[in-house]
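So this one's target.pdb, PDB, C-alpha atoms:
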ATOM      1  CA  MET A   1     -39.477   1.483   9.380
ATOM      2  CA  ASN A   2     -36.020   3.030   9.398
ATOM      3  CA  ARG A   3     -34.821   3.816   5.891
ATOM      4  CA  ASP A   4     -31.568   5.334   7.182
ATOM      5  CA  CYS A   5     -30.430   2.169   8.963
ATOM      6  CA  PRO A   6     -27.157   0.841   7.436
ATOM      7  CA  GLY A   7     -27.681  -2.685   8.740
ATOM      8  CA  ARG A   8     -26.990  -5.676   6.480
ATOM      9  CA  ILE A   9     -29.352  -8.633   6.923
ATOM     10  CA  LEU A  10     -28.088 -12.167   6.342
ATOM     11  CA  LEU A  11     -30.735 -14.448   4.812
ATOM     12  CA  ARG A  12     -29.859 -17.620   6.669
ATOM     13  CA  ASP A  13     -31.441 -20.910   5.650
ATOM     14  CA  GLY A  14     -34.159 -22.207   7.974
ATOM     15  CA  LEU A  15     -35.505 -18.843   9.119
ATOM     16  CA  ASP A  16     -39.277 -18.260   8.896
ATOM     17  CA  GLU A  17     -40.175 -15.110   6.995
ATOM     18  CA  GLY A  18     -43.800 -15.276   8.134
ATOM     19  CA  GLY A  19     -42.634 -15.516  11.741
ATOM     20  CA  ASP A  20     -40.696 -12.244  11.507
ATOM     21  CA  GLU A  21     -37.399 -14.095  11.906
ATOM     22  CA  PHE A  22     -35.548 -12.056   9.270
ATOM     23  CA  ARG A  23     -34.513  -9.029  11.340
ATOM     24  CA  CYS A  24     -32.010  -6.219  10.948
ATOM     25  CA  PRO A  25     -29.092  -6.684  13.385
ATOM     26  CA  GLU A  26     -28.845  -2.911  13.822
ATOM     27  CA  CYS A  27     -32.410  -1.754  14.506
ATOM     28  CA  GLU A  28     -34.215  -5.100  14.992
ATOM     29  CA  ARG A  29     -36.922  -4.288  12.439
ATOM     30  CA  PRO A  30     -38.481  -7.324  10.681
ATOM     31  CA  VAL A  31     -37.792  -7.619   6.953
ATOM     32  CA  TYR A  32     -39.705  -9.625   4.337
ATOM     33  CA  PRO A  33     -37.213 -10.184   1.484
ATOM     34  CA  PHE A  34     -39.228 -12.782  -0.443
ATOM     35  CA  MET A  35     -42.752 -11.495   0.185
ATOM     36  CA  TYR A  36     -41.903  -8.030  -1.159
ATOM     37  CA  ASN A  37     -39.302  -9.240  -3.646
ATOM     38  CA  LYS A  38     -36.447  -7.287  -2.104
ATOM     39  CA  ARG A  39     -33.184  -7.024  -3.963
ATOM     40  CA  ARG A  40     -30.818  -9.714  -2.674
ATOM     41  CA  HIS A  41     -27.061 -10.165  -3.091
ATOM     42  CA  GLN A  42     -24.802 -13.125  -2.605
ATOM     43  CA  GLU A  43     -22.046 -12.723  -0.025
ATOM     44  CA  LEU A  44     -18.552 -13.863  -0.902
ATOM     45  CA  ARG A  45     -16.194 -14.852   1.889
ATOM     46  CA  SER A  46     -12.527 -15.514   1.239
ATOM     47  CA  ARG A  47      -9.548 -16.887   3.080
ATOM     48  CA  VAL A  48      -5.826 -16.972   2.376
ATOM     49  CA  ARG A  49      -4.445 -20.322   1.272
ATOM     50  CA  PRO A  50      -0.757 -20.887   2.164
ATOM     51  CA  ASP A  51      -0.121 -22.913  -1.005
ATOM     52  CA  GLY A  52      -1.698 -20.110  -3.037
ATOM     53  CA  VAL A  53       0.598 -17.538  -1.404
ATOM     54  CA  LEU A  54       3.688 -19.596  -2.242
ATOM     55  CA  ALA A  55       2.476 -20.177  -5.808
ATOM     56  CA  PHE A  56       1.909 -16.435  -6.255
ATOM     57  CA  LEU A  57       5.412 -15.609  -4.979
ATOM     58  CA  ARG A  58       6.983 -18.209  -7.274
ATOM     59  CA  GLU A  59       5.254 -16.667 -10.284
ATOM     60  CA  GLU A  60       6.464 -13.210  -9.268
ATOM     61  CA  LEU A  61      10.032 -14.389  -8.701
ATOM     62  CA  GLU A  62      10.178 -16.194 -12.053
ATOM     63  CA  THR A  63       9.898 -12.809 -13.775
ATOM     64  CA  ILE A  64      12.728 -11.327 -11.687
ATOM     65  CA  GLY A  65      15.582 -13.849 -11.637
ATOM     66  CA  ASP A  66      16.835 -17.228 -10.516
ATOM     67  CA  PHE A  67      15.521 -18.402  -7.175
ATOM     68  CA  ARG A  68      15.333 -21.463  -4.977
ATOM     69  CA  GLN A  69      13.349 -22.437  -1.883
ATOM     70  CA  MET A  70      15.602 -22.546   1.174
ATOM     71  CA  ALA A  71      13.008 -23.651   3.738
ATOM     72  CA  ASP A  72       9.268 -23.597   4.327
ATOM     73  CA  GLY A  73       8.134 -20.110   3.323
ATOM     74  CA  VAL A  74      11.676 -18.907   2.492
ATOM     75  CA  PHE A  75      13.107 -18.184  -0.984
ATOM     76  CA  ARG A  76      16.518 -16.941  -2.077
ATOM     77  CA  VAL A  77      16.522 -14.730  -5.171
ATOM     78  CA  GLU A  78      19.654 -14.120  -7.243
ATOM     79  CA  THR A  79      19.857 -10.870  -9.194
ATOM     80  CA  ASP A  80      22.681  -9.065 -10.996
ATOM     81  CA  SER A  81      23.168  -6.899  -7.900
ATOM     82  CA  GLY A  82      23.180  -9.648  -5.278
ATOM     83  CA  GLU A  83      21.061 -12.115  -3.340
ATOM     84  CA  VAL A  84      17.905 -11.368  -1.327
ATOM     85  CA  LEU A  85      15.806 -13.612   0.890
ATOM     86  CA  ILE A  86      12.005 -13.616   0.772
ATOM     87  CA  CYS A  87      10.539 -14.828   4.073
ATOM     88  CA  VAL A  88       6.803 -15.445   4.578
ATOM     89  CA  VAL A  89       6.649 -14.946   8.330
ATOM     90  CA  GLU A  90       3.550 -17.044   9.042
ATOM     91  CA  LEU A  91       4.837 -20.013   7.035
ATOM     92  CA  CYS A  92       8.506 -19.971   8.062
ATOM     93  CA  ARG A  93       9.386 -22.795  10.472
ATOM     94  CA  ASP A  94      13.129 -22.147  10.677
ATOM     95  CA  SER A  95      13.833 -19.632  13.460
ATOM     96  CA  ARG A  96      17.165 -18.752  11.875
ATOM     97  CA  TYR A  97      15.459 -16.785   9.094
ATOM     98  CA  LEU A  98      13.334 -14.928  11.664
ATOM     99  CA  SER A  99      16.374 -13.810  13.647
ATOM    100  CA  ARG A 100      17.236 -10.140  13.609
ATOM    101  CA  ASP A 101      20.953 -10.972  13.416
ATOM    102  CA  HIS A 102      20.359 -13.043  10.297
ATOM    103  CA  ALA A 103      18.249 -10.278   8.713
ATOM    104  CA  ARG A 104      20.985  -7.740   9.484
ATOM    105  CA  MET A 105      23.614  -9.808   7.684
ATOM    106  CA  HIS A 106      21.443 -11.007   4.770
ATOM    107  CA  PRO A 107      19.106  -8.646   2.850
ATOM    108  CA  THR A 108      15.599  -9.958   3.572
ATOM    109  CA  ILE A 109      12.059  -9.018   2.607
ATOM    110  CA  PHE A 110       9.469 -10.130   5.155
ATOM    111  CA  VAL A 111       6.066 -10.969   3.677
ATOM    112  CA  ALA A 112       2.934 -11.292   5.833
ATOM    113  CA  THR A 113      -0.187 -13.124   4.683
ATOM    114  CA  ASP A 114      -2.136 -11.222   7.360
ATOM    115  CA  SER A 115      -1.601  -7.453   7.104
ATOM    116  CA  ARG A 116      -2.127  -7.021  10.841
ATOM    117  CA  ASN A 117       1.024  -9.004  11.548
ATOM    118  CA  LEU A 118       3.121  -6.269   9.935
ATOM    119  CA  THR A 119       2.368  -3.902  12.811
ATOM    120  CA  GLU A 120       1.326  -6.195  15.659
ATOM    121  CA  ARG A 121       3.888  -8.996  15.544
ATOM    122  CA  LEU A 122       6.808  -7.918  13.385
ATOM    123  CA  LEU A 123       9.656  -6.238  15.225
ATOM    124  CA  PRO A 124       9.096  -2.453  14.911
ATOM    125  CA  GLU A 125      12.473  -1.477  13.445
ATOM    126  CA  PRO A 126      12.495   0.953  10.509
ATOM    127  CA  TRP A 127      15.247  -0.826   8.567
ATOM    128  CA  LEU A 128      13.224  -4.042   8.233
ATOM    129  CA  ILE A 129      11.645  -4.316   4.776
ATOM    130  CA  ARG A 130       8.115  -5.655   5.077
ATOM    131  CA  VAL A 131       5.079  -6.049   2.839
ATOM    132  CA  SER A 132       1.725  -7.794   2.903
ATOM    133  CA  VAL A 133       0.542 -10.292   0.317
ATOM    134  CA  ALA A 134      -2.519  -8.097  -0.256
ATOM    135  CA  ASP A 135      -0.341  -5.116  -1.263
ATOM    136  CA  LEU A 136       1.624  -7.290  -3.696
ATOM    137  CA  VAL A 137      -1.512  -8.744  -5.268
ATOM    138  CA  ALA A 138      -3.212  -5.340  -5.514
ATOM    139  CA  GLY A 139      -0.142  -3.707  -7.043
ATOM    140  CA  ASP A 140       0.310  -1.241  -4.164
ATOM    141  CA  ALA A 141       3.819  -2.669  -3.670
ATOM    142  CA  ASP A 142       6.224  -4.090  -6.247
ATOM    143  CA  LEU A 143       8.457  -7.029  -5.351
ATOM    144  CA  ARG A 144      11.179  -5.958  -7.783
ATOM    145  CA  ASP A 145      11.354  -2.509  -6.163
ATOM    146  CA  LEU A 146      11.591  -4.073  -2.716
ATOM    147  CA  LEU A 147      14.451  -6.295  -3.869
ATOM    148  CA  GLU A 148      16.356  -3.266  -5.101
ATOM    149  CA  GLU A 149      15.635  -1.438  -1.849
ATOM    150  CA  ALA A 150      16.941  -4.370   0.188
ATOM    151  CA  LEU A 151      20.182  -4.456  -1.811
ATOM    152  CA  ASP A 152      20.669  -0.681  -1.784
ATOM    153  CA  GLN A 153      20.035  -0.406   1.943
ATOM    154  CA  GLY A 154      23.025  -2.462   3.049
ATOM    155  CA  ARG A 155      23.597  -3.426   6.638
ATOM    156  CA  PRO A 156      21.818  -1.304   9.263
ATOM    157  CA  SER A 157      23.938   0.630  11.720
ATOM    158  CA  ALA A 158      23.526   1.699  15.357
ATOM    159  CA  LEU A 159      21.970  -1.562  16.556
ATOM    160  CA  ILE A 160      22.226  -2.750  20.126
ATOM    161  CA  HIS A 161      23.959  -6.098  20.638
ATOM    162  CA  ALA A 162      21.013  -8.359  21.297
ATOM    163  CA  SER A 163      19.742 -11.350  19.367
ATOM    164  CA  VAL A 164      15.952 -11.159  19.193
ATOM    165  CA  PRO A 165      13.479 -12.688  16.745
ATOM    166  CA  VAL A 166      12.196 -10.518  13.946
ATOM    167  CA  TYR A 167       8.735 -12.079  14.082
ATOM    168  CA  ASN A 168       6.988 -13.497  17.134
ATOM    169  CA  LYS A 169       3.704 -15.388  16.995
ATOM    170  CA  VAL A 170       2.571 -13.931  20.330
ATOM    171  CA  VAL A 171       4.012 -10.503  21.169
ATOM    172  CA  PRO A 172       7.338  -9.182  19.846
ATOM    173  CA  VAL A 173      10.173  -8.371  22.223
ATOM    174  CA  PHE A 174      10.385  -4.666  22.975
ATOM    175  CA  VAL A 175      13.811  -3.317  22.116
ATOM    176  CA  HIS A 176      14.660   0.167  23.334
ATOM    177  CA  GLU A 177      17.282   2.038  21.391
ATOM    178  CA  ALA A 178      18.527   5.569  21.513
ATOM    179  CA  PRO A 179      16.379   7.781  19.279
ATOM    180  CA  VAL A 180      17.903   8.684  15.938
ATOM    181  CA  THR A 181      17.045  12.077  14.544
ATOM    182  CA  THR A 182      16.349  12.132  10.851
ATOM    183  CA  SER A 183      15.481  15.052   8.646
ATOM    184  CA  ARG A 184      13.110  14.689   5.736
ATOM    185  CA  ARG A 185      14.266  16.666   2.755
ATOM    186  CA  PRO A 186      11.600  18.851   1.109
ATOM    187  CA  PHE A 187      11.237  18.817  -2.673
ATOM    188  CA  MET A 188      10.257  21.829  -4.771
ATOM    189  CA  VAL A 189       7.415  20.807  -7.092
ATOM    190  CA  GLU A 190       6.071  22.740 -10.065
ATOM    191  CA  PHE A 191       2.999  21.529 -11.925
ATOM    192  CA  THR A 192       1.101  22.563 -15.042
ATOM    193  CA  PRO A 193      -1.339  20.492 -17.155
ATOM    194  CA  GLU A 194       1.541  19.955 -19.617
ATOM    195  CA  ARG A 195       4.408  18.932 -17.335
ATOM    196  CA  LEU A 196       5.514  17.982 -13.831
ATOM    197  CA  THR A 197       8.817  19.362 -12.554
ATOM    198  CA  ILE A 198      10.609  18.417  -9.349
ATOM    199  CA  GLU A 199      13.748  20.325  -8.327
ATOM    200  CA  ASN A 200      13.903  21.733 -11.890
ATOM    201  CA  ILE A 201      13.898  18.199 -13.343
ATOM    202  CA  VAL A 202      11.016  17.467 -15.731
ATOM    203  CA  VAL A 203       9.744  14.018 -14.741
ATOM    204  CA  ALA A 204       6.542  13.880 -16.820
ATOM    205  CA  THR A 205       5.083  15.735 -19.813
ATOM    206  CA  VAL A 206       1.772  15.837 -21.645
ATOM    207  CA  ARG A 207       2.618  12.501 -23.243
ATOM    208  CA  ALA A 208       2.048  10.888 -19.845
ATOM    209  CA  ASP A 209      -1.660  11.811 -20.120
ATOM    210  CA  MET A 210      -3.331   9.803 -17.356
ATOM    211  CA  ARG A 211      -0.385  10.252 -15.004
ATOM    212  CA  LEU A 212      -0.586  14.012 -15.253
ATOM    213  CA  GLN A 213      -4.380  13.966 -14.991
ATOM    214  CA  ALA A 214      -4.235  11.973 -11.757
ATOM    215  CA  PHE A 215      -1.444  14.171 -10.387
ATOM    216  CA  GLY A 216      -3.407  17.305 -11.296
ATOM    217  CA  ILE A 217      -6.415  16.147  -9.264
ATOM    218  CA  LEU A 218      -4.223  15.448  -6.237
ATOM    219  CA  TRP A 219      -2.329  18.717  -6.739
ATOM    220  CA  LYS A 220      -5.523  20.788  -6.745
ATOM    221  CA  ARG A 221      -6.701  19.267  -3.456
ATOM    222  CA  PHE A 222      -3.219  19.677  -1.987
ATOM    223  CA  LEU A 223      -3.248  23.408  -2.749
ATOM    224  CA  GLU A 224      -6.793  23.739  -1.350
ATOM    225  CA  ASP A 225      -5.794  22.092   1.935
ATOM    226  CA  LEU A 226      -2.633  24.174   2.083
ATOM    227  CA  SER A 227      -4.609  27.380   1.512
ATOM    228  CA  ALA A 228      -7.113  26.378   4.207
ATOM    229  CA  GLY A 229      -4.304  26.016   6.749
ATOM    230  CA  HIS A 230      -4.921  22.354   7.506
ATOM    231  CA  PRO A 231      -2.252  20.447   9.483
ATOM    232  CA  PRO A 232      -0.450  17.772   7.444
ATOM    233  CA  ASP A 233      -2.330  14.839   8.989
ATOM    234  CA  ASP A 234      -5.640  16.420   7.944
ATOM    235  CA  PHE A 235      -4.764  16.787   4.262
ATOM    236  CA  ARG A 236      -7.342  14.839   2.278
ATOM    237  CA  VAL A 237      -6.814  11.572   0.453
ATOM    238  CA  THR A 238      -8.508  10.732  -2.844
ATOM    239  CA  SER A 239      -9.594   7.147  -3.448
ATOM    240  CA  LEU A 240      -8.861   5.241  -6.646
ATOM    241  CA  SER A 241     -12.549   5.129  -7.499
ATOM    242  CA  ASP A 242     -12.857   8.916  -7.151
ATOM    243  CA  LEU A 243      -9.778   9.451  -9.316
ATOM    244  CA  ALA A 244     -11.137   7.118 -11.991
ATOM    245  CA  ASN A 245     -14.529   8.833 -11.984
ATOM    246  CA  ILE A 246     -13.010  12.318 -12.264
ATOM    247  CA  ILE A 247     -10.600  11.350 -15.054
ATOM    248  CA  ASP A 248     -13.287   9.502 -17.012
ATOM    249  CA  ASP A 249     -15.856  12.224 -17.646
ATOM    250  CA  GLY A 250     -17.499  10.239 -20.439
ATOM    251  CA  SER A 251     -15.417  11.698 -23.245
ATOM    252  CA  ARG A 252     -12.637   9.116 -23.227
ATOM    253  CA  GLU A 253     -12.546   6.458 -25.925
ATOM    254  CA  ASP A 254     -10.344   4.009 -24.001
ATOM    255  CA  ALA A 255     -11.579   2.008 -21.023
ATOM    256  CA  MET A 256     -11.024   3.490 -17.606
ATOM    257  CA  ASP A 257     -10.942   1.570 -14.347
ATOM    258  CA  GLU A 258      -9.220   1.698 -10.971
ATOM    259  CA  LEU A 259      -6.488  -0.700 -12.074
ATOM    260  CA  ASN A 260      -5.425   1.645 -14.891
ATOM    261  CA  VAL A 261      -5.261   4.578 -12.484
ATOM    262  CA  ARG A 262      -3.262   2.616  -9.915
ATOM    263  CA  ARG A 263      -0.770   1.539 -12.559
ATOM    264  CA  ALA A 264      -0.436   5.097 -13.830
ATOM    265  CA  ILE A 265       0.295   6.434 -10.326
ATOM    266  CA  ASN A 266       2.736   3.597  -9.601
ATOM    267  CA  ARG A 267       4.615   4.358 -12.821
ATOM    268  CA  LEU A 268       4.733   8.055 -12.001
ATOM    269  CA  GLN A 269       6.036   7.352  -8.472
ATOM    270  CA  GLN A 270       8.770   5.154  -9.929
ATOM    271  CA  GLU A 271       9.701   7.600 -12.707
ATOM    272  CA  LEU A 272      10.040  10.640 -10.471
ATOM    273  CA  MET A 273      12.038   8.668  -7.886
ATOM    274  CA  GLU A 274      14.441   7.296 -10.497
ATOM    275  CA  GLY A 275      14.697  10.667 -12.256
ATOM    276  CA  ILE A 276      15.689  12.596  -9.115
ATOM    277  CA  ARG A 277      18.145   9.936  -7.992
ATOM    278  CA  LYS A 278      19.772   9.728 -11.419
ATOM    279  CA  GLU A 279      19.907  13.431 -12.293
ATOM    280  CA  LEU A 280      20.590  14.968  -8.868
ATOM    281  CA  GLY A 281      21.712  12.059  -6.720
ATOM    282  CA  LEU A 282      19.285  13.117  -3.978
ATOM    283  CA  PRO A 283      17.767  10.583  -1.561
ATOM    284  CA  ILE A 284      14.072  10.412  -2.358
ATOM    285  CA  GLY A 285      11.551   7.791  -1.324
ATOM    286  CA  ARG A 286       8.733   6.362  -3.398
ATOM    287  CA  GLU A 287       6.108   8.301  -1.380
ATOM    288  CA  ASP A 288       7.984  11.559  -0.787
ATOM    289  CA  VAL A 289       5.843  13.248  -3.464
ATOM    290  CA  ILE A 290       2.744  11.039  -3.863
ATOM    291  CA  GLN A 291       1.608   9.240  -0.732
ATOM    292  CA  ASN A 292      -0.512   6.101  -0.671
ATOM    293  CA  LEU A 293      -2.356   6.101   2.652
ATOM    294  CA  ARG A 294      -4.515   3.295   3.957
ATOM    295  CA  ALA A 295      -7.450   3.335   6.330
ATOM    296  CA  ASP A 296      -5.556   1.257   8.908
ATOM    297  CA  ASP A 297      -2.369   3.356   8.960
ATOM    298  CA  GLY A 298      -2.881   4.469  12.575
ATOM    299  CA  ARG A 299      -4.143   7.942  11.737
ATOM    300  CA  ARG A 300      -7.814   7.069  12.211
ATOM    301  CA  ARG A 301      -8.489   7.544   8.503
ATOM    302  CA  ARG A 302     -11.848   6.433   7.207
ATOM    303  CA  ARG A 303     -10.685   5.411   3.756
ATOM    304  CA  SER A 304      -7.622   4.682   1.679
ATOM    305  CA  GLY A 305      -6.306   6.806  -1.133
ATOM    306  CA  TYR A 306      -3.584   9.036  -2.554
ATOM    307  CA  ARG A 307      -2.464  12.570  -1.798
ATOM    308  CA  ILE A 308       0.487  14.880  -2.355
ATOM    309  CA  ASN A 309       2.813  14.472   0.621
ATOM    310  CA  PRO A 310       2.350  17.600   2.771
ATOM    311  CA  HIS A 311       5.482  16.798   4.811
ATOM    312  CA  THR A 312       7.975  16.859   1.933
ATOM    313  CA  VAL A 313       6.460  18.854  -0.946
ATOM    314  CA  LEU A 314       6.943  22.607  -1.391
ATOM    315  CA  PRO A 315       4.829  24.087  -4.222
ATOM    316  CA  ARG A 316       6.410  26.522  -6.644
ATOM    317  CA  ALA A 317       4.628  28.839  -9.034
ATOM    318  CA  ALA A 318       4.579  27.489 -12.570
ATOM    319  CA  SER A 319       6.961  29.112 -15.039
ATOM    320  CA  SER A 320       6.976  29.181 -18.820
ATOM    321  CA  PRO A 321       8.865  26.281 -20.456
ATOM    322  CA  ALA A 322      12.289  27.177 -21.801
TER     323      ALA A 322
END

Could you spell out this file's structure in structure tokens?
Amino acid sequence: MNRDCPGRILLRDGLDEGGDEFRCPECERPVYPFMYNKRRHQELRSRVRPDGVLAFLREELETIGDFRQMADGVFRVETDSGEVLICVVELCRDSRYLSRDHARMHPTIFVATDSRNLTERLLPEPWLIRVSVADLVAGDADLRDLLEEALDQGRPSALIHASVPVYNKVVPVFVHEAPVTTSRRPFMVEFTPERLTIENIVVATVRADMRLQAFGILWKRFLEDLSAGHPPDDFRVTSLSDLANIIDDGSREDAMDELNVRRAINRLQQELMEGIRKELGLPIGREDVIQNLRADDGRRRRRSGYRINPHTVLPRAASSPA
């Protein structure tokens, strides 16, 4: 008996419990789920349906503006600011829309039904705007924001003269370009339980409630990691479930779940980004203050979650409101 074994045992039809055929795949111990009335759970397996992906995108685009389907897996969206193409890379059959030259001339958002294709098969150029269907469905990315980003970005500069596909179903072409040095601007952040201030601009007050509560949890852990002298990549992330559990201490009257917390953080990210751009005209990204890190982001993280960005945030002592 090994009570610490994390193995999961599949109860396949046709196996003989009396013949010790139900065994743990990790430690090989026999298990008797029916004889001892063990707790059993149904397993749900899912797959991505191409027609479901296209239906989901159509519903999203209907709330944004006029659109039309240009080819298999390709939509053109018309907004007040211009036109943007939405290209589902796995479903697109027209190589023209997967050309880098075409993407350079026409603002395009590349959508992947398989998240792995974003890093393994999509051309690794920073100016390409990419997103997975999972992030759109989960609310981790917003299609309207990506459309605005595509229009604001304009045409990329400093490209070598070579026509290569943006997405390759085997292995993408390796394109070597001269390194471009970029500097990430730090932002001075001041936080109290009543307000959040960035570069002397108040972006949230006590009326925000859940937004400030979530930010306060992340801020406390940020200061702890900073005080401990951790390198930026080792600053902790806090999962949505942990945030929800800390915020909901049992005294709240309204319902609390992970979706509410995610929406609150997304709204706060959008508000602070728009506030700094409007008031100060400074270039600030959506995750320059609050990062959303995932377990498969290449940093060997064990779980996904949020944190204050240790690369671009400078804490400032709280002052009394004017």

message = Every residue with an atom at most 8 Å from (9.8, -0.6, -11.5) (file coordinates; all atoms listed in the file) is what I'm after, so could you write them as an MDAnalysis selection string?
response = chainID A and resid 142 144:145 267 270

note = In Å and to one decimal, atom CA of A:Phe187 is distant from atom CA of A:Pro315 by 8.4 Å

request  = Would you list the contacts of A:Leu98 as a PyMOL selection string, taking every protein, DNA or RNA residue within 8 Å and counting only C-alpha atoms, but skipping same-chain residues closer than 4 positions in sequence?
outcome  = chain A and resi 89+92+94+102-103+165-167

ask   = Got a sec to resolve the PyMOL selection byres ((chain A and resi 49) around 12) on this structure and send the residues as a PyMOL selection string?
value = chain A and resi 46-48+50-56+90-91+113-114+133

task = Please write the residues picked by the PyMOL selection byres ((chain A and resi 233-235) around 12) on this file as a ChimeraX atom specification.
result = /A:218-232,236-238,291,293,297-302,305-311

Keeping only C-alpha atoms, write the selected residues as an mmCIF file, in the coordinates of the input.
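Result file follows (out_12.cif):
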data_model
loop_
_atom_site.group_PDB
_atom_site.id
_atom_site.type_symbol
_atom_site.label_atom_id
_atom_site.label_comp_id
_atom_site.auth_asym_id
_atom_site.auth_seq_id
_atom_site.Cartn_x
_atom_site.Cartn_y
_atom_site.Cartn_z
ATOM 1 C CA LEU A 218 -4.223 15.448 -6.237
ATOM 2 C CA TRP A 219 -2.329 18.717 -6.739
ATOM 3 C CA LYS A 220 -5.523 20.788 -6.745
ATOM 4 C CA ARG A 221 -6.701 19.267 -3.456
ATOM 5 C CA PHE A 222 -3.219 19.677 -1.987
ATOM 6 C CA LEU A 223 -3.248 23.408 -2.749
ATOM 7 C CA GLU A 224 -6.793 23.739 -1.350
ATOM 8 C CA ASP A 225 -5.794 22.092 1.935
ATOM 9 C CA LEU A 226 -2.633 24.174 2.083
ATOM 10 C CA SER A 227 -4.609 27.380 1.512
ATOM 11 C CA ALA A 228 -7.113 26.378 4.207
ATOM 12 C CA GLY A 229 -4.304 26.016 6.749
ATOM 13 C CA HIS A 230 -4.921 22.354 7.506
ATOM 14 C CA PRO A 231 -2.252 20.447 9.483
ATOM 15 C CA PRO A 232 -0.450 17.772 7.444
ATOM 16 C CA ARG A 236 -7.342 14.839 2.278
ATOM 17 C CA VAL A 237 -6.814 11.572 0.453
ATOM 18 C CA THR A 238 -8.508 10.732 -2.844
ATOM 19 C CA GLN A 291 1.608 9.240 -0.732
ATOM 20 C CA LEU A 293 -2.356 6.101 2.652
ATOM 21 C CA ASP A 297 -2.369 3.356 8.960
ATOM 22 C CA GLY A 298 -2.881 4.469 12.575
ATOM 23 C CA ARG A 299 -4.143 7.942 11.737
ATOM 24 C CA ARG A 300 -7.814 7.069 12.211
ATOM 25 C CA ARG A 301 -8.489 7.544 8.503
ATOM 26 C CA ARG A 302 -11.848 6.433 7.207
ATOM 27 C CA GLY A 305 -6.306 6.806 -1.133
ATOM 28 C CA TYR A 306 -3.584 9.036 -2.554
ATOM 29 C CA ARG A 307 -2.464 12.570 -1.798
ATOM 30 C CA ILE A 308 0.487 14.880 -2.355
ATOM 31 C CA ASN A 309 2.813 14.472 0.621
ATOM 32 C CA PRO A 310 2.350 17.600 2.771
ATOM 33 C CA HIS A 311 5.482 16.798 4.811
#

task = Measuring atom to atom with all atoms listed in the file, identify which of A:Arg211, A:Arg3, A:Arg116, A:Arg40 is nearest to A:Leu268.
result =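 So, comparing all the options, the nearest one is A:Arg211.
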
inquiry  = Going by the chain IDs and residue numbers used in this file, which residues fall under the PyMOL selection byres ((chain A and resi 197) around 12)? Write them as a ChimeraX atom specification.
reply    = /A:187-196,198-205,212,215,271-272,275-276,289,313-321

Distance in Å - atom CA of A:Leu240 versus atom CA of A:Thr312 =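 Interatomic distance, atom CA of A:Leu240 to atom CA of A:Thr312: 22.2 Å.
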
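You will find atom CA of A:Asn292 at 17.9 Å from atom CA of A:Glu149.
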
request  = Go ahead and find all residues with at least one atom no further than 12 Å from (-34.9, -18.3, 4.2) in the file's coordinates, using only C-alpha atoms; report them as a PyMOL selection string.
outcome  = chain A and resi 9-23+31-35+40

Would you mind exporting C-alpha atoms of the selected residues as a JSON list (two decimals), in the coordinates of the input?
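File written: result.json
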[["chain", "number", "residue", "atom", "x", "y", "z"],
["A", 9, "ILE", "CA", -29.35, -8.63, 6.92],
["A", 10, "LEU", "CA", -28.09, -12.17, 6.34],
["A", 11, "LEU", "CA", -30.74, -14.45, 4.81],
["A", 12, "ARG", "CA", -29.86, -17.62, 6.67],
["A", 13, "ASP", "CA", -31.44, -20.91, 5.65],
["A", 14, "GLY", "CA", -34.16, -22.21, 7.97],
["A", 15, "LEU", "CA", -35.51, -18.84, 9.12],
["A", 16, "ASP", "CA", -39.28, -18.26, 8.90],
["A", 17, "GLU", "CA", -40.17, -15.11, 7.00],
["A", 18, "GLY", "CA", -43.80, -15.28, 8.13],
["A", 19, "GLY", "CA", -42.63, -15.52, 11.74],
["A", 20, "ASP", "CA", -40.70, -12.24, 11.51],
["A", 21, "GLU", "CA", -37.40, -14.10, 11.91],
["A", 22, "PHE", "CA", -35.55, -12.06, 9.27],
["A", 23, "ARG", "CA", -34.51, -9.03, 11.34],
["A", 31, "VAL", "CA", -37.79, -7.62, 6.95],
["A", 32, "TYR", "CA", -39.70, -9.62, 4.34],
["A", 33, "PRO", "CA", -37.21, -10.18, 1.48],
["A", 34, "PHE", "CA", -39.23, -12.78, -0.44],
["A", 35, "MET", "CA", -42.75, -11.50, 0.18],
["A", 40, "ARG", "CA", -30.82, -9.71, -2.67]]

ask   = From the list A:Asp152, A:Asp242, A:Leu128, A:Leu61, which residue is nearest A:Asp101 when using all atoms listed in the file?
value =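 Among the listed residues, A:Leu128 lies closest to A:Asp101.
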
task = Using only C-alpha atoms, pick whichever of A:Arg58, A:Arg277, A:Arg155, A:Arg100 has the shortest atom-to-atom distance to A:Leu123.
result = A:Arg100

Assuming 3 Å of padding per side, give the centre and edge lengths of the axis-aligned box around every listed atom of stretch 217-224 of chain A, in Å to one decimal and as lines of an AutoDock Vina configuration file.
center_x = -4.6
center_y = 19.6
center_z = -5.3
size_x = 10.5
size_y = 14.3
size_z = 13.9

key: Surrounding residues of A:Pro6 excluding itself and chain neighbours under 2 positions, 12 Å, all atoms listed in the file, as number ranges by chain   = A: 2-4, 8-9, 24-28

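Residues in contact with stretch 63-69 of chain A at 12 Å, where all atoms listed in the file are counted and same-chain residues fewer than 6 positions away are skipped, are listed as A:Leu54, A:Ala55, A:Phe56, A:Leu57, A:Phe75, A:Arg76, A:Val77, A:Glu78, A:Thr79, A:Asp80, A:Ser81, A:Gly82, A:Glu83, A:Val84, A:Leu85, A:Ile86, A:Cys87, A:Val88, A:Cys92, A:Asp142, A:Leu143, A:Arg144, A:Asp145, A:Leu146, A:Leu147, A:Glu148.
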